[in-house]
Amino acid sequence: MPYRTHTCGELGSRHEGASVILSGWVHKQRNLGGLIFVDLRDRYGLTQIVFNPDVTDNYAVAESLKYEYVIKVEGLVGLRNESAINTELATGEIEIIAKSVEILSTAKPLPFEIFDAHKEEEDEDLRLKYRFLELRRERLKNNILFRAKMIQYIRQYMEERNFVDISTPILTVSSPEGARDFLVPSRIHPGKFYALPQAPQQYKQLLMVAGFDRYYQIAPCMRDEDPRADRSPGEFYQLDVETSFLEPDEFFHLMEPLFIELTEQVAGKKVMTKPFPRLPYRYVMDTYGVDRPDLRYDVKITDITDWAKTTDFKIFQEATALRVIVVPGGAEFTRQEIDHEFTLLAQKNQAKGLAWLKYSNAFEGTIAKFFKPEALSALQEKLSIEPNSILFFVADEPFVASKALGAVRILAAEKLHLADPNLIAWAWIVDFPMYEFNDVEQKIDFGHNPFSMPQGGLVALNEKNPLDILAYQYDIIANGLELSSGAVRNKDPKIMYRAFEIAGYTRDDVQKKFGHMIDAFEYGAPPHCGFAPGIDRLLMLLLGEKNIRSVIPFPKNQRAEEPMMGSPSVVDARQLKDLHIDILE
RNA sequence: GGACCGGUAGUUCAACUGGUUAGAGCACUGCCCUGUCACGGCAGAAGUUGCGGGUUCGAGCCCCGUCCGGUCCGCCA
């Protein structure tokens, strides 16, 4: 006898009278005394079972059922009476009139209920410890199913475009740049360590040298860094992509439809702007104060330093720069919110203060009296302010003003719900600076990826101020999330040596750390570029989840532990001895 | 490494300005109920208020320390 002839999600009125067998979990039960209803659940759905002492051979077993028992039910598909139809349920037109029931597995009382529609979330550590139970819940289950569907869609997209799926090593070598490595001790080589890959960056470039031309991989990446709400602790997956013989423009054209299709067809949401805008890094930093702005709402930072000079308000007049954002609908913010939330936030971002004016029919606010009517009407003309708006001003260094207003912009949008949850505003951020100044160490560092090609090549490196050199480096962003950075790679040994030299590395350093890469580039390296969007972040974006752990089947907690399996764990002395490791203390 | 918020029954939350025996929903146990679908009704069990110390006539509440969790900063080429 089979365990089931159908799943719990597929039976309907067309099956009336059929003899069926279903297996699944007892999701809900309603014992009316002499008649028992059970909602039987599997991953496909819910089906109502009716146990009736006149029909069910072993009714006593039905009476003993508890939540989350696994049972097998044999019975007939019956049409429900008109009044008993449940329109909320896919199988709500029918029910199974049970002839017999068998308990396949019992269940202890649960640490939390699976049916959670009306409850708040339990402590996350508890949910992680019983993740196998939380995965039975509708929302998490659907997220994991969506994850599989999205990955399948991506693979199909890539395969159709001649990309080759290639696995790169998990046990690899420690890289001196970037994040902290997870290390794996070697038994055969005392005192030596493998490192888990932070990303298959170097391998994918070597694959381009090998001639594979279009590579992709759903690649596991491991980094020993502290987590965030949008950053998975320890490990995460990237859609790792690299292509040869494509200009950045061609690369964007090749990949952009994937994100449009994922948005529209897989997630059922709307794309804000097609084709995706390409915004230079300097522009977005000035205009939005961050390098991954949420573009769903049209609130921009405007520089009004020229206007400030014409006023009599000293703080504005004497400022290096004055910048402003106009938030439509912001006139409703209270003094409490302005003083204790917005101002504090601006100060946390290094601004000395935050000035504000409300505008309805006229300008209002504590600083309004400092301005002549002509100055205010000039401001209105410049900014075309709609009634019921609030203006936030920061007078400071230009960069500080934009950064502080960028944070204020995000908070204001959250409070006013300016961002449409069904809209995804994709954009490419381009022209990242090749280098940036490290204030702490007082030296020039690579801005992002040291393997990026500088714009202008060797000439730019030799002749321009390093801080003015741009890289062929781009990010893809959406709704305030950075999905990926990417770049045209530097494949010219001469340019590499020079690029590293500017960041303070000697020829010897480069030879030691990246000698194998340079060596490879000396045997025929095609021009190549790529990127690596985070799978988990992509899911957060498409599902509208705020926490990255709700799109990962078995995530780690903030201390990088997995409470269910108990990792990381102590190991046997014997294992340590094999690995030539002594634990200090 | 740092900042902020939190920790009360299995679980989600209450408990007034420090005041008698720490309450409620769901879950759990027992009984009743033949058309429920968040079934209903009656009864019951369930607590070292994270832990340690202090202030007080009296602490879930105030203070100090500590542990744990979440969010953020640092960090994440």
# chains A, B, ... in the order shown; residues from 1 in each chain; ligands from 1
call {"tool": "closest_atom_pairs", "arguments": {"of": "chain B", "to": "chain A", "cutoff": "7 Å", "atoms": "only C-alpha atoms (C1' of nucleotides)", "output": "JSON lines"}}
result
{"residue": "B:G10", "atom": "C1'", "partner": "A:Pro111", "partner_atom": "CA", "distance": 5.6}
{"residue": "B:U11", "atom": "C1'", "partner": "A:Phe112", "partner_atom": "CA", "distance": 5.7}
{"residue": "B:U12", "atom": "C1'", "partner": "A:Glu120", "partner_atom": "CA", "distance": 6.3}
{"residue": "B:C33", "atom": "C1'", "partner": "A:Gly33", "partner_atom": "CA", "distance": 5.1}
{"residue": "B:U34", "atom": "C1'", "partner": "A:Leu35", "partner_atom": "CA", "distance": 5.1}
{"residue": "B:U36", "atom": "C1'", "partner": "A:Arg30", "partner_atom": "CA", "distance": 6.3}
{"residue": "B:C39", "atom": "C1'", "partner": "A:Arg30", "partner_atom": "CA", "distance": 6.1}
{"residue": "B:C75", "atom": "C1'", "partner": "A:Glu225", "partner_atom": "CA", "distance": 6.7}
{"residue": "B:C76", "atom": "C1'", "partner": "A:Ala179", "partner_atom": "CA", "distance": 6.2}
{"residue": "B:A77", "atom": "C1'", "partner": "A:Gly178", "partner_atom": "CA", "distance": 4.4}
call {"tool": "write_last_selection", "arguments": {"atoms": "N, CA and C atoms (P, O5', C5', C4', C3', O3' and C1' of nucleotides)", "output": "compact mmCIF listing (two decimals), in the first residue's frame"}}
result
# COMPACT_ATOMS: atom_id res chain seq x y z
P G B 10 8.25 27.29 31.31
O5' G B 10 8.03 26.86 29.77
C5' G B 10 9.01 26.08 29.11
C4' G B 10 8.58 25.91 27.68
C3' G B 10 8.31 27.22 26.94
O3' G B 10 9.48 27.70 26.32
C1' G B 10 6.43 25.79 26.72
P U B 11 9.79 29.29 26.31
O5' U B 11 8.65 29.83 25.33
C5' U B 11 8.71 29.54 23.93
C4' U B 11 7.49 30.11 23.26
C3' U B 11 7.26 31.59 23.48
O3' U B 11 8.02 32.38 22.58
C1' U B 11 5.25 30.42 23.88
P U B 12 8.42 33.86 22.96
O5' U B 12 7.07 34.67 22.72
C5' U B 12 6.54 34.82 21.41
C4' U B 12 5.22 35.54 21.48
C3' U B 12 5.25 36.85 22.27
O3' U B 12 5.73 37.91 21.47
C1' U B 12 3.39 35.56 22.94
P C B 33 -20.76 14.15 25.38
O5' C B 33 -20.84 15.30 24.29
C5' C B 33 -22.02 16.09 24.17
C4' C B 33 -21.77 17.23 23.21
C3' C B 33 -21.33 16.83 21.81
O3' C B 33 -22.42 16.44 20.99
C1' C B 33 -19.96 18.59 22.60
P U B 34 -22.24 15.22 19.93
O5' U B 34 -22.29 15.96 18.52
C5' U B 34 -21.23 16.79 18.08
C4' U B 34 -21.26 16.90 16.57
C3' U B 34 -22.61 17.30 15.99
O3' U B 34 -22.34 18.11 14.84
C1' U B 34 -21.93 15.24 15.07
P U B 36 -20.64 24.64 11.57
O5' U B 36 -19.17 24.83 12.12
C5' U B 36 -18.88 24.53 13.49
C4' U B 36 -17.47 24.03 13.59
C3' U B 36 -16.43 24.94 12.96
O3' U B 36 -16.06 25.99 13.81
C1' U B 36 -16.03 22.69 12.34
P C B 39 -9.12 26.45 14.96
O5' C B 39 -10.70 26.42 15.20
C5' C B 39 -11.21 26.32 16.50
C4' C B 39 -12.67 26.64 16.46
C3' C B 39 -13.28 26.92 17.83
O3' C B 39 -13.02 28.23 18.26
C1' C B 39 -14.68 25.44 16.64
P C B 75 36.22 50.54 9.45
O5' C B 75 36.10 48.95 9.40
C5' C B 75 37.17 48.11 9.82
C4' C B 75 36.72 46.68 9.82
C3' C B 75 36.31 46.12 8.46
O3' C B 75 37.42 45.71 7.68
C1' C B 75 34.65 45.57 10.05
P C B 76 37.38 45.91 6.11
O5' C B 76 36.14 45.02 5.66
C5' C B 76 36.23 43.60 5.66
C4' C B 76 34.93 43.01 5.22
C3' C B 76 34.52 43.34 3.79
O3' C B 76 35.17 42.50 2.87
C1' C B 76 32.68 43.62 5.23
P A B 77 35.20 42.84 1.37
O5' A B 77 36.68 43.35 1.18
C5' A B 77 37.04 44.66 1.49
C4' A B 77 38.24 44.99 0.71
C3' A B 77 38.04 46.21 -0.20
O3' A B 77 39.26 46.95 -0.21
C1' A B 77 38.77 44.38 -1.46
call {"tool": "residues_around", "arguments": {"residues": "Leu207 in chain A", "least_positions_apart": "4", "cutoff": "10 Å", "atoms": "only C-alpha atoms (C1' of nucleotides)", "output": "number ranges by chain"}}
result
A: 166, 168, 202-203, 211-215, 242-244, 525
call {"tool": "closest_residue", "arguments": {"among": "B:G30, B:G60, B:G25, B:G40", "to": "U8 in chain B", "atoms": "only C-alpha atoms (C1' of nucleotides)"}}
result
B:G60
call {"tool": "residues_around", "arguments": {"residues": "Ala413 in chain A", "least_positions_apart": "5", "cutoff": "10 Å", "atoms": "only C-alpha atoms (C1' of nucleotides)", "output": "PyMOL selection string"}}
result
chain A and resi 294+296-297+299+327-330+408+418-419
call {"tool": "residues_around", "arguments": {"residues": "Phe392 in chain A", "least_positions_apart": "3", "cutoff": "6 Å", "atoms": "only C-alpha atoms (C1' of nucleotides)", "output": "VMD selection string"}}
result
chain A and resid 324 to 325 355 to 356
call {"tool": "select_by_dssp", "arguments": {"residues": "range 304-517 of chain A", "states": "strand (DSSP E or B)", "output": "ChimeraX atom specification"}}
result
/A:321-328,355-359,363-364,389-396,423-424,426-430,433,435-438,443-446,452,454,470-471,473-478,481-489
call {"tool": "select_by_dssp", "arguments": {"residues": "range 339-533 of chain A", "states": "helix (DSSP H, G or I)", "output": "PyMOL selection string"}}
result
chain A and resi 339-348+368-370+373-383+398-416+457-463+466-468+493-502+507-521
call {"tool": "atom_distance", "arguments": {"atom1": "CA of Ile410 in chain A", "atom2": "CA of Leu357 in chain A"}}
result
18.2 Å
call {"tool": "residues_around", "arguments": {"residues": "G7 in chain B", "least_positions_apart": "2", "cutoff": "12 Å", "atoms": "only C-alpha atoms (C1' of nucleotides)", "output": "ChimeraX atom specification"}}
result
/A:123 /B:5,49-51,60,67-70
call {"tool": "residues_around", "arguments": {"residues": "Arg41 in chain A", "least_positions_apart": "5", "cutoff": "12 Å", "atoms": "only C-alpha atoms (C1' of nucleotides)", "output": "MDAnalysis selection string"}}
result
chainID A and resid 7:10 22:29 46:49 67:73 89 91 114:115 136:138
call {"tool": "write_last_selection", "arguments": {"atoms": "N, CA, C and O atoms", "output": "compact mmCIF listing (two decimals), in the first residue's frame"}}
result
# COMPACT_ATOMS: atom_id res chain seq x y z
N THR A 7 -1.16 14.60 -3.07
CA THR A 7 -0.63 15.50 -2.04
C THR A 7 -1.80 16.24 -1.39
O THR A 7 -2.94 16.14 -1.84
N CYS A 8 -1.47 17.01 -0.36
CA CYS A 8 -2.53 17.73 0.37
C CYS A 8 -2.94 19.02 -0.33
O CYS A 8 -3.73 19.79 0.21
N GLY A 9 -2.40 19.28 -1.52
CA GLY A 9 -2.73 20.54 -2.17
C GLY A 9 -3.47 20.38 -3.49
O GLY A 9 -3.76 21.37 -4.15
N GLU A 10 -3.79 19.13 -3.88
CA GLU A 10 -4.23 18.98 -5.27
C GLU A 10 -5.67 18.49 -5.46
O GLU A 10 -6.17 18.55 -6.58
N LEU A 22 -3.84 9.96 1.73
CA LEU A 22 -3.03 11.15 1.97
C LEU A 22 -2.14 10.93 3.18
O LEU A 22 -2.54 10.27 4.14
N SER A 23 -0.93 11.48 3.13
CA SER A 23 -0.06 11.47 4.31
C SER A 23 0.40 12.90 4.56
O SER A 23 0.60 13.67 3.63
N GLY A 24 0.58 13.22 5.84
CA GLY A 24 1.05 14.57 6.16
C GLY A 24 1.02 14.82 7.65
O GLY A 24 0.89 13.88 8.45
N TRP A 25 1.11 16.09 8.00
CA TRP A 25 1.17 16.49 9.40
C TRP A 25 -0.20 17.00 9.87
O TRP A 25 -0.90 17.66 9.09
N VAL A 26 -0.52 16.74 11.13
CA VAL A 26 -1.76 17.26 11.70
C VAL A 26 -1.55 18.74 11.99
O VAL A 26 -0.86 19.11 12.93
N HIS A 27 -2.12 19.59 11.13
CA HIS A 27 -1.87 21.02 11.23
C HIS A 27 -2.81 21.66 12.25
O HIS A 27 -2.38 22.42 13.11
N LYS A 28 -4.09 21.34 12.13
CA LYS A 28 -5.09 21.83 13.09
C LYS A 28 -6.05 20.68 13.31
O LYS A 28 -6.26 19.85 12.41
N GLN A 29 -6.67 20.62 14.49
CA GLN A 29 -7.76 19.67 14.64
C GLN A 29 -8.88 20.28 15.47
O GLN A 29 -8.64 21.06 16.37
N LEU A 46 -3.10 22.23 2.31
CA LEU A 46 -3.90 21.69 3.40
C LEU A 46 -5.12 21.00 2.82
O LEU A 46 -5.70 21.47 1.85
N THR A 47 -5.50 19.89 3.43
CA THR A 47 -6.75 19.22 3.05
C THR A 47 -7.48 18.84 4.32
O THR A 47 -6.89 18.32 5.26
N GLN A 48 -8.79 19.12 4.35
CA GLN A 48 -9.57 18.76 5.54
C GLN A 48 -9.97 17.30 5.51
O GLN A 48 -10.48 16.80 4.51
N ILE A 49 -9.71 16.64 6.65
CA ILE A 49 -10.12 15.24 6.83
C ILE A 49 -11.29 15.23 7.81
O ILE A 49 -11.24 15.94 8.81
N TYR A 67 -1.23 17.73 17.62
CA TYR A 67 -0.58 18.59 16.65
C TYR A 67 0.74 17.99 16.16
O TYR A 67 1.54 17.50 16.96
N GLU A 68 0.93 18.02 14.86
CA GLU A 68 2.19 17.66 14.20
C GLU A 68 2.50 16.18 14.20
O GLU A 68 3.60 15.78 13.85
N TYR A 69 1.53 15.34 14.60
CA TYR A 69 1.69 13.91 14.33
C TYR A 69 1.74 13.73 12.81
O TYR A 69 1.08 14.47 12.08
N VAL A 70 2.52 12.76 12.37
CA VAL A 70 2.50 12.42 10.95
C VAL A 70 1.57 11.23 10.78
O VAL A 70 1.74 10.21 11.45
N ILE A 71 0.56 11.41 9.93
CA ILE A 71 -0.45 10.35 9.78
C ILE A 71 -0.69 10.01 8.32
O ILE A 71 -0.37 10.80 7.43
N LYS A 72 -1.26 8.82 8.13
CA LYS A 72 -1.68 8.38 6.80
C LYS A 72 -3.18 8.13 6.88
O LYS A 72 -3.65 7.46 7.79
N VAL A 73 -3.91 8.72 5.96
CA VAL A 73 -5.37 8.63 5.98
C VAL A 73 -5.86 8.02 4.68
O VAL A 73 -5.44 8.41 3.60
N LEU A 89 -9.12 28.12 1.08
CA LEU A 89 -8.29 26.94 0.90
C LEU A 89 -8.40 26.46 -0.54
O LEU A 89 -9.51 26.37 -1.07
N THR A 91 -8.10 23.56 -1.58
CA THR A 91 -8.86 22.30 -1.58
C THR A 91 -10.19 22.46 -0.84
O THR A 91 -10.79 21.47 -0.40
N ILE A 114 3.15 25.86 14.91
CA ILE A 114 3.41 25.99 13.48
C ILE A 114 2.41 26.96 12.86
O ILE A 114 2.75 27.81 12.06
N PHE A 115 1.17 26.82 13.29
CA PHE A 115 0.12 27.73 12.82
C PHE A 115 0.30 29.05 13.57
O PHE A 115 0.04 29.13 14.76
N ARG A 136 8.44 24.54 8.69
CA ARG A 136 7.09 24.06 8.36
C ARG A 136 6.12 25.23 8.21
O ARG A 136 5.03 25.06 7.67
N ARG A 137 6.51 26.39 8.73
CA ARG A 137 5.60 27.54 8.67
C ARG A 137 5.47 28.06 7.26
O ARG A 137 6.44 28.09 6.49
N GLU A 138 4.29 28.54 6.96
CA GLU A 138 3.95 29.00 5.62
C GLU A 138 4.96 29.99 5.05
O GLU A 138 5.47 29.82 3.94
call {"tool": "decode", "arguments": {"residues": "range 343-468 of chain A", "atoms": "C-alpha atoms", "output": "PDB file, in the first residue's frame"}}
result
ATOM      1  CA  THR A 343      18.746  66.006  14.415  1.00  0.00           C
ATOM      2  CA  LEU A 344      20.380  63.195  16.382  1.00  0.00           C
ATOM      3  CA  LEU A 345      20.686  61.151  13.206  1.00  0.00           C
ATOM      4  CA  ALA A 346      22.331  64.053  11.370  1.00  0.00           C
ATOM      5  CA  GLN A 347      24.748  64.538  14.250  1.00  0.00           C
ATOM      6  CA  LYS A 348      25.565  60.838  14.302  1.00  0.00           C
ATOM      7  CA  ASN A 349      26.643  61.381  10.703  1.00  0.00           C
ATOM      8  CA  GLN A 350      29.096  64.103  11.716  1.00  0.00           C
ATOM      9  CA  ALA A 351      26.864  67.096  10.967  1.00  0.00           C
ATOM     10  CA  LYS A 352      27.059  69.830  13.597  1.00  0.00           C
ATOM     11  CA  GLY A 353      23.337  70.355  13.431  1.00  0.00           C
ATOM     12  CA  LEU A 354      20.198  70.157  11.339  1.00  0.00           C
ATOM     13  CA  ALA A 355      18.194  73.245  10.398  1.00  0.00           C
ATOM     14  CA  TRP A 356      14.635  72.986   9.142  1.00  0.00           C
ATOM     15  CA  LEU A 357      11.777  74.993   7.682  1.00  0.00           C
ATOM     16  CA  LYS A 358       8.252  73.857   7.033  1.00  0.00           C
ATOM     17  CA  TYR A 359       6.413  75.150   3.993  1.00  0.00           C
ATOM     18  CA  SER A 360       2.679  75.210   3.545  1.00  0.00           C
ATOM     19  CA  ASN A 361       1.480  78.556   2.252  1.00  0.00           C
ATOM     20  CA  ALA A 362       4.438  80.285   3.811  1.00  0.00           C
ATOM     21  CA  PHE A 363       7.707  79.260   5.439  1.00  0.00           C
ATOM     22  CA  GLU A 364       7.438  78.406   9.121  1.00  0.00           C
ATOM     23  CA  GLY A 365       9.900  77.359  11.782  1.00  0.00           C
ATOM     24  CA  THR A 366      12.235  78.786  14.363  1.00  0.00           C
ATOM     25  CA  ILE A 367      14.782  80.031  11.819  1.00  0.00           C
ATOM     26  CA  ALA A 368      12.224  81.563   9.396  1.00  0.00           C
ATOM     27  CA  LYS A 369      12.577  84.969  11.061  1.00  0.00           C
ATOM     28  CA  PHE A 370      16.232  85.210   9.984  1.00  0.00           C
ATOM     29  CA  PHE A 371      15.357  85.451   6.295  1.00  0.00           C
ATOM     30  CA  LYS A 372      14.023  88.379   4.285  1.00  0.00           C
ATOM     31  CA  PRO A 373      10.906  87.630   2.196  1.00  0.00           C
ATOM     32  CA  GLU A 374      12.968  88.037  -1.007  1.00  0.00           C
ATOM     33  CA  ALA A 375      15.392  85.356   0.150  1.00  0.00           C
ATOM     34  CA  LEU A 376      12.558  82.974   0.914  1.00  0.00           C
ATOM     35  CA  SER A 377      10.824  83.523  -2.383  1.00  0.00           C
ATOM     36  CA  ALA A 378      14.137  82.996  -4.167  1.00  0.00           C
ATOM     37  CA  LEU A 379      14.435  79.682  -2.319  1.00  0.00           C
ATOM     38  CA  GLN A 380      10.904  78.698  -3.297  1.00  0.00           C
ATOM     39  CA  GLU A 381      11.645  79.517  -6.910  1.00  0.00           C
ATOM     40  CA  LYS A 382      14.866  77.505  -6.890  1.00  0.00           C
ATOM     41  CA  LEU A 383      13.365  74.391  -5.279  1.00  0.00           C
ATOM     42  CA  SER A 384       9.699  74.542  -6.455  1.00  0.00           C
ATOM     43  CA  ILE A 385       8.482  73.390  -3.059  1.00  0.00           C
ATOM     44  CA  GLU A 386       5.072  71.787  -2.813  1.00  0.00           C
ATOM     45  CA  PRO A 387       2.809  72.774   0.076  1.00  0.00           C
ATOM     46  CA  ASN A 388       2.988  70.631   3.211  1.00  0.00           C
ATOM     47  CA  SER A 389       6.735  69.987   2.798  1.00  0.00           C
ATOM     48  CA  ILE A 390       9.643  70.194   5.192  1.00  0.00           C
ATOM     49  CA  LEU A 391      13.128  71.392   4.255  1.00  0.00           C
ATOM     50  CA  PHE A 392      16.148  69.994   6.093  1.00  0.00           C
ATOM     51  CA  PHE A 393      19.415  71.946   5.822  1.00  0.00           C
ATOM     52  CA  VAL A 394      22.961  70.967   6.739  1.00  0.00           C
ATOM     53  CA  ALA A 395      25.753  73.554   6.603  1.00  0.00           C
ATOM     54  CA  ASP A 396      29.133  71.827   6.535  1.00  0.00           C
ATOM     55  CA  GLU A 397      31.813  70.403   4.279  1.00  0.00           C
ATOM     56  CA  PRO A 398      29.980  69.272   1.097  1.00  0.00           C
ATOM     57  CA  PHE A 399      30.635  65.582   1.735  1.00  0.00           C
ATOM     58  CA  VAL A 400      29.476  65.744   5.365  1.00  0.00           C
ATOM     59  CA  ALA A 401      26.347  67.717   4.424  1.00  0.00           C
ATOM     60  CA  SER A 402      25.333  65.143   1.823  1.00  0.00           C
ATOM     61  CA  LYS A 403      26.082  62.178   4.046  1.00  0.00           C
ATOM     62  CA  ALA A 404      24.004  63.582   6.929  1.00  0.00           C
ATOM     63  CA  LEU A 405      21.129  64.584   4.661  1.00  0.00           C
ATOM     64  CA  GLY A 406      21.305  61.156   3.025  1.00  0.00           C
ATOM     65  CA  ALA A 407      20.584  59.561   6.405  1.00  0.00           C
ATOM     66  CA  VAL A 408      17.819  62.089   7.109  1.00  0.00           C
ATOM     67  CA  ARG A 409      16.344  61.347   3.681  1.00  0.00           C
ATOM     68  CA  ILE A 410      16.079  57.620   4.442  1.00  0.00           C
ATOM     69  CA  LEU A 411      14.475  58.180   7.852  1.00  0.00           C
ATOM     70  CA  ALA A 412      11.959  60.675   6.452  1.00  0.00           C
ATOM     71  CA  ALA A 413      11.004  58.262   3.658  1.00  0.00           C
ATOM     72  CA  GLU A 414      10.490  55.451   6.149  1.00  0.00           C
ATOM     73  CA  LYS A 415       8.263  57.573   8.346  1.00  0.00           C
ATOM     74  CA  LEU A 416       6.167  58.814   5.442  1.00  0.00           C
ATOM     75  CA  HIS A 417       6.124  55.454   3.592  1.00  0.00           C
ATOM     76  CA  LEU A 418       7.413  57.134   0.452  1.00  0.00           C
ATOM     77  CA  ALA A 419       8.783  53.874  -0.974  1.00  0.00           C
ATOM     78  CA  ASP A 420       6.314  51.661  -2.843  1.00  0.00           C
ATOM     79  CA  PRO A 421       6.894  48.067  -1.692  1.00  0.00           C
ATOM     80  CA  ASN A 422       5.791  46.703  -5.075  1.00  0.00           C
ATOM     81  CA  LEU A 423       8.338  48.711  -6.987  1.00  0.00           C
ATOM     82  CA  ILE A 424      12.012  47.874  -7.508  1.00  0.00           C
ATOM     83  CA  ALA A 425      14.259  50.742  -8.563  1.00  0.00           C
ATOM     84  CA  TRP A 426      17.322  49.191 -10.133  1.00  0.00           C
ATOM     85  CA  ALA A 427      20.362  51.217 -11.117  1.00  0.00           C
ATOM     86  CA  TRP A 428      23.974  50.827 -12.042  1.00  0.00           C
ATOM     87  CA  ILE A 429      26.402  52.986 -10.087  1.00  0.00           C
ATOM     88  CA  VAL A 430      29.456  53.603 -12.271  1.00  0.00           C
ATOM     89  CA  ASP A 431      32.805  55.414 -12.172  1.00  0.00           C
ATOM     90  CA  PHE A 432      33.900  54.492  -8.681  1.00  0.00           C
ATOM     91  CA  PRO A 433      37.171  56.091  -7.621  1.00  0.00           C
ATOM     92  CA  MET A 434      40.183  53.811  -8.051  1.00  0.00           C
ATOM     93  CA  TYR A 435      41.704  54.974  -4.780  1.00  0.00           C
ATOM     94  CA  GLU A 436      40.568  56.616  -1.585  1.00  0.00           C
ATOM     95  CA  PHE A 437      42.448  58.232   1.272  1.00  0.00           C
ATOM     96  CA  ASN A 438      42.687  56.162   4.457  1.00  0.00           C
ATOM     97  CA  ASP A 439      42.426  58.749   7.246  1.00  0.00           C
ATOM     98  CA  VAL A 440      43.462  56.330   9.977  1.00  0.00           C
ATOM     99  CA  GLU A 441      46.675  55.143   8.370  1.00  0.00           C
ATOM    100  CA  GLN A 442      47.208  58.378   6.411  1.00  0.00           C
ATOM    101  CA  LYS A 443      47.811  56.571   3.146  1.00  0.00           C
ATOM    102  CA  ILE A 444      46.207  55.869  -0.213  1.00  0.00           C
ATOM    103  CA  ASP A 445      44.147  52.644  -0.408  1.00  0.00           C
ATOM    104  CA  PHE A 446      42.283  50.897  -3.179  1.00  0.00           C
ATOM    105  CA  GLY A 447      38.697  52.132  -3.255  1.00  0.00           C
ATOM    106  CA  HIS A 448      37.170  48.756  -3.949  1.00  0.00           C
ATOM    107  CA  ASN A 449      38.705  45.936  -5.886  1.00  0.00           C
ATOM    108  CA  PRO A 450      42.448  46.095  -6.540  1.00  0.00           C
ATOM    109  CA  PHE A 451      41.918  44.026  -9.686  1.00  0.00           C
ATOM    110  CA  SER A 452      39.846  46.761 -11.354  1.00  0.00           C
ATOM    111  CA  MET A 453      41.110  48.478 -14.462  1.00  0.00           C
ATOM    112  CA  PRO A 454      41.814  52.178 -13.940  1.00  0.00           C
ATOM    113  CA  GLN A 455      40.136  54.458 -16.492  1.00  0.00           C
ATOM    114  CA  GLY A 456      42.883  55.925 -18.657  1.00  0.00           C
ATOM    115  CA  GLY A 457      45.169  52.966 -17.974  1.00  0.00           C
ATOM    116  CA  LEU A 458      48.864  53.405 -17.327  1.00  0.00           C
ATOM    117  CA  VAL A 459      48.834  57.026 -18.491  1.00  0.00           C
ATOM    118  CA  ALA A 460      46.263  57.989 -15.852  1.00  0.00           C
ATOM    119  CA  LEU A 461      48.207  56.140 -13.149  1.00  0.00           C
ATOM    120  CA  ASN A 462      51.389  57.953 -14.079  1.00  0.00           C
ATOM    121  CA  GLU A 463      49.997  61.419 -14.650  1.00  0.00           C
ATOM    122  CA  LYS A 464      46.867  62.007 -12.589  1.00  0.00           C
ATOM    123  CA  ASN A 465      46.381  62.635  -8.897  1.00  0.00           C
ATOM    124  CA  PRO A 466      45.570  59.099  -7.663  1.00  0.00           C
ATOM    125  CA  LEU A 467      42.466  60.336  -5.851  1.00  0.00           C
ATOM    126  CA  ASP A 468      41.092  61.693  -9.157  1.00  0.00           C
TER     127      ASP A 468
END
